[in-house]
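Student: There's a structure below that I have some questions on.
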Amino acid sequence: SVAVDAEAEFSKVEAIPGGVKSAIEAILAVAEAPVSVRELSAALIVNERAVEHALDQLYREYNGEESGYGEDENRVAPEPRGFQLRNIAGGWKLYARDDFAPWVARFVTRSKSATLSKPAYETLAVIAYQQPVTRARVASIRGVNADAAIRQLLQRQLIREAGREAGSGATLYETTELLLAKLGLNSLEELPALAPFLPDDTEAAVLAEGND
């Protein structure tokens with residue numbers, strides 16, 4: 001009986017000001033990973049069509065577009081918001097709008113909030129482009145021990161174990177879907193070409209050797 005009453009109470013999300021659309025915003029505001037339409041539908045106890053309709057409205061509103069769902073035609077079109085809704089890695093997630101990237105980056109670099117260490121960033125880059133890759137291979141490319149950096153990346157769930165290397169039995173590492181979500185990518189194929197960022201032919205040769 002208690003469970004039934006609780007279910008009935010949650011099913012009234014449409015009756016709350018803002019309804020499904022605002023409820024989706026609330027969920028996306030706290031979600032660390034992209035949330036699928038099915039997950040939103042299950043959480044809000046509404047059908048997937050209602051979720052898709054609300055997502056479309058939010059997408060248009062955030063981009064400063066008319067939603068096209070019966071608003072007053074004389075109303076002034078809204079301006080783009082500071083954030084945007086993106087369909088990434090099989091779900092929806094809120095991101096800071098690209099137009100404001102310089103100011104967001106300035107805030108992030110000046111913020112005291114915990115960020116990845118420089119060695120962790122370098123290690124993550126090696127794994128992203130060489131995966132699946134062993135700890136020893138990462139260390140050989142960077143020229144220093146990678147144990148601490150790999151532990152940090154595992155704790156942040158940006159990488160994971162991906163089996164064992166044939167012959168040596170060493171643990172292999174690969175990036176996770178969470179990294180794709182944070183980068184705003186759908187797949188690893190969307191990573192930028194690496195060559196323009198390498199300082200010389202020697203380092204390029206070292207990285208290329210890992211793909212042989």
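Each chain of the structure tokens is named A, B, ... in the order shown, its residues numbered from 1; ligands are numbered from 1 in display order.
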When DSSP works through the backbone of this structure, what residues of region 25-147 of chain A end up as strand (DSSP E or B), shown as a PyMOL selection string?
Tutor: chain A and resi 35+83-88+91-96+133-134
Student: Can you write out the residues you just picked, keeping C-alpha atoms, as a PDB file, in the first residue's frame?
Tutor:
```pdb
ATOM      1  CA  VAL A  35      20.766  10.383 -19.508  1.00  0.00           C
ATOM      2  CA  PHE A  83      24.380  26.279 -21.516  1.00  0.00           C
ATOM      3  CA  GLN A  84      23.249  23.890 -24.212  1.00  0.00           C
ATOM      4  CA  LEU A  85      21.582  20.507 -24.408  1.00  0.00           C
ATOM      5  CA  ARG A  86      23.522  17.892 -26.346  1.00  0.00           C
ATOM      6  CA  ASN A  87      22.772  14.329 -27.400  1.00  0.00           C
ATOM      7  CA  ILE A  88      25.998  12.548 -26.521  1.00  0.00           C
ATOM      8  CA  GLY A  91      21.855  10.215 -23.863  1.00  0.00           C
ATOM      9  CA  TRP A  92      21.282  13.889 -23.109  1.00  0.00           C
ATOM     10  CA  LYS A  93      23.539  16.141 -21.049  1.00  0.00           C
ATOM     11  CA  LEU A  94      23.909  19.814 -20.229  1.00  0.00           C
ATOM     12  CA  TYR A  95      27.111  21.554 -21.330  1.00  0.00           C
ATOM     13  CA  ALA A  96      28.440  25.089 -21.115  1.00  0.00           C
ATOM     14  CA  VAL A 133      47.634   0.188 -23.619  1.00  0.00           C
ATOM     15  CA  THR A 134      49.680  -1.127 -20.694  1.00  0.00           C
TER      16      THR A 134
END
```
Student: What are the closest atom pairs, with distances in Å to one decimal, for each residue of region 21-124 of chain A lying within 12 Å of region 137-143 of chain A, using only C-alpha atoms, rows by chain and rising residue number, as JSON lines?
Tutor:
```
{"residue": "A:Lys118", "atom": "CA", "partner": "A:Arg142", "partner_atom": "CA", "distance": 11.7}
{"residue": "A:Pro119", "atom": "CA", "partner": "A:Arg142", "partner_atom": "CA", "distance": 8.8}
{"residue": "A:Ala120", "atom": "CA", "partner": "A:Arg142", "partner_atom": "CA", "distance": 10.9}
{"residue": "A:Tyr121", "atom": "CA", "partner": "A:Arg142", "partner_atom": "CA", "distance": 11.2}
{"residue": "A:Glu122", "atom": "CA", "partner": "A:Arg142", "partner_atom": "CA", "distance": 7.7}
{"residue": "A:Thr123", "atom": "CA", "partner": "A:Val138", "partner_atom": "CA", "distance": 6.7}
{"residue": "A:Leu124", "atom": "CA", "partner": "A:Val138", "partner_atom": "CA", "distance": 9.3}
```
Student: Can you pull out the residues contacting Ala181 (chain A)? Cut-off 7 Å, using only C-alpha atoms, and skip same-chain residues under 2 positions away; I want them as a list in words.
Tutor: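 Answer for this query is Ala33, Pro34, Ile88, Ala89, Glu177, Leu178, Leu179, Leu183, Gly184 and Leu185 of chain A.
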Student: Based on the selection just made, write N, CA and C atoms of those residues as a PDB file, in the first residue's frame.
Tutor:
```
ATOM      1  N   ALA A  33      26.596  11.729 -16.038  1.00  0.00           N
ATOM      2  CA  ALA A  33      26.719  11.116 -17.361  1.00  0.00           C
ATOM      3  C   ALA A  33      25.452  11.411 -18.165  1.00  0.00           C
ATOM      4  N   PRO A  34      25.521  11.287 -19.489  1.00  0.00           N
ATOM      5  CA  PRO A  34      24.329  11.499 -20.309  1.00  0.00           C
ATOM      6  C   PRO A  34      23.177  10.600 -19.875  1.00  0.00           C
ATOM      7  N   ILE A  88      24.644  13.090 -26.516  1.00  0.00           N
ATOM      8  CA  ILE A  88      25.998  12.548 -26.521  1.00  0.00           C
ATOM      9  C   ILE A  88      26.016  11.153 -25.908  1.00  0.00           C
ATOM     10  N   ALA A  89      26.774  10.256 -26.521  1.00  0.00           N
ATOM     11  CA  ALA A  89      26.999   8.909 -25.963  1.00  0.00           C
ATOM     12  C   ALA A  89      25.703   8.213 -25.556  1.00  0.00           C
ATOM     13  N   GLU A 177      33.164   5.661 -21.275  1.00  0.00           N
ATOM     14  CA  GLU A 177      32.128   6.499 -21.861  1.00  0.00           C
ATOM     15  C   GLU A 177      32.022   7.836 -21.123  1.00  0.00           C
ATOM     16  N   LEU A 178      32.399   7.836 -19.835  1.00  0.00           N
ATOM     17  CA  LEU A 178      32.359   9.085 -19.076  1.00  0.00           C
ATOM     18  C   LEU A 178      33.300  10.114 -19.674  1.00  0.00           C
ATOM     19  N   LEU A 179      34.465   9.684 -20.146  1.00  0.00           N
ATOM     20  CA  LEU A 179      35.392  10.618 -20.785  1.00  0.00           C
ATOM     21  C   LEU A 179      34.768  11.199 -22.048  1.00  0.00           C
ATOM     22  N   LEU A 183      34.058  15.152 -22.790  1.00  0.00           N
ATOM     23  CA  LEU A 183      34.641  15.815 -23.957  1.00  0.00           C
ATOM     24  C   LEU A 183      33.586  16.235 -24.967  1.00  0.00           C
ATOM     25  N   GLY A 184      32.355  15.753 -24.775  1.00  0.00           N
ATOM     26  CA  GLY A 184      31.288  16.078 -25.718  1.00  0.00           C
ATOM     27  C   GLY A 184      31.419  15.332 -27.037  1.00  0.00           C
ATOM     28  N   LEU A 185      31.913  14.103 -26.977  1.00  0.00           N
ATOM     29  CA  LEU A 185      32.112  13.301 -28.175  1.00  0.00           C
ATOM     30  C   LEU A 185      31.198  12.086 -28.173  1.00  0.00           C
TER      31      LEU A 185
END
```
Student: Do a neighbour search on Leu116 (chain A) at 12 Å with only C-alpha atoms, toss out local chain neighbours closer than 3 positions, and write the hits as a VMD selection string.
Tutor: chain A and resid 108 to 109 112 to 113 119 to 124 148 to 156 158
Student: In Å, rounded to a single decimal, give me how far CA of Arg38 (chain A) is from CA of Pro80 (chain A).
Tutor: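 Straight-line distance from CA of Pro80 (chain A) to CA of Arg38 (chain A) works out to 27.2 Å.
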Student: Give me the residues near Glu79 (chain A) as a list in words, where near means some atom within 12 Å (using only C-alpha atoms) and where sequence neighbours in that chain fewer than 6 positions away do not count.
Tutor: Arg60, Glu61, Tyr62, Asn63, Gly64, Glu65 and Glu66 of chain A
Student: Which neighbours of region 52-56 of chain A fall inside 10 Å, counting only C-alpha atoms, when residues of the same chain fewer than 5 positions from it are skipped, and could you give them as a short mmCIF file (atom, residue, chain, number, x, y, z; two decimals) with C-alpha atoms, in the first residue's frame?
Tutor:
```cif
data_model
loop_
_atom_site.label_atom_id
_atom_site.label_comp_id
_atom_site.auth_asym_id
_atom_site.auth_seq_id
_atom_site.Cartn_x
_atom_site.Cartn_y
_atom_site.Cartn_z
CA GLY A 19 6.04 19.80 -15.34
CA VAL A 20 8.03 17.28 -17.33
CA LYS A 21 10.26 19.89 -18.94
CA SER A 22 11.46 21.35 -15.64
CA ALA A 23 11.79 17.89 -14.11
CA ILE A 24 14.13 16.90 -16.94
CA GLU A 25 16.20 20.02 -16.28
CA VAL A 37 15.14 9.11 -23.01
CA ARG A 38 14.27 5.71 -21.53
CA LEU A 40 14.14 9.94 -18.05
CA SER A 41 10.85 8.26 -18.88
CA ASN A 47 5.92 8.03 -21.67
CA GLU A 61 14.82 27.32 -25.86
CA SER A 67 9.83 26.14 -29.92
CA TYR A 69 4.41 24.72 -29.90
CA LEU A 85 21.58 20.51 -24.41
CA ARG A 86 23.52 17.89 -26.35
CA TRP A 92 21.28 13.89 -23.11
#
```
Student: What's the separation between CA of Leu188 (chain A) and CA of Arg164 (chain A), in Å to one decimal place?
Tutor: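 Separating CA of Leu188 (chain A) from CA of Arg164 (chain A) is a distance of 21.1 Å.
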Student: At what distance in Å, to one decimal, does CA of Glu189 (chain A) lie from CA of Val104 (chain A)?
Tutor: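 CA of Val104 (chain A) sits 25.7 Å away from CA of Glu189 (chain A).
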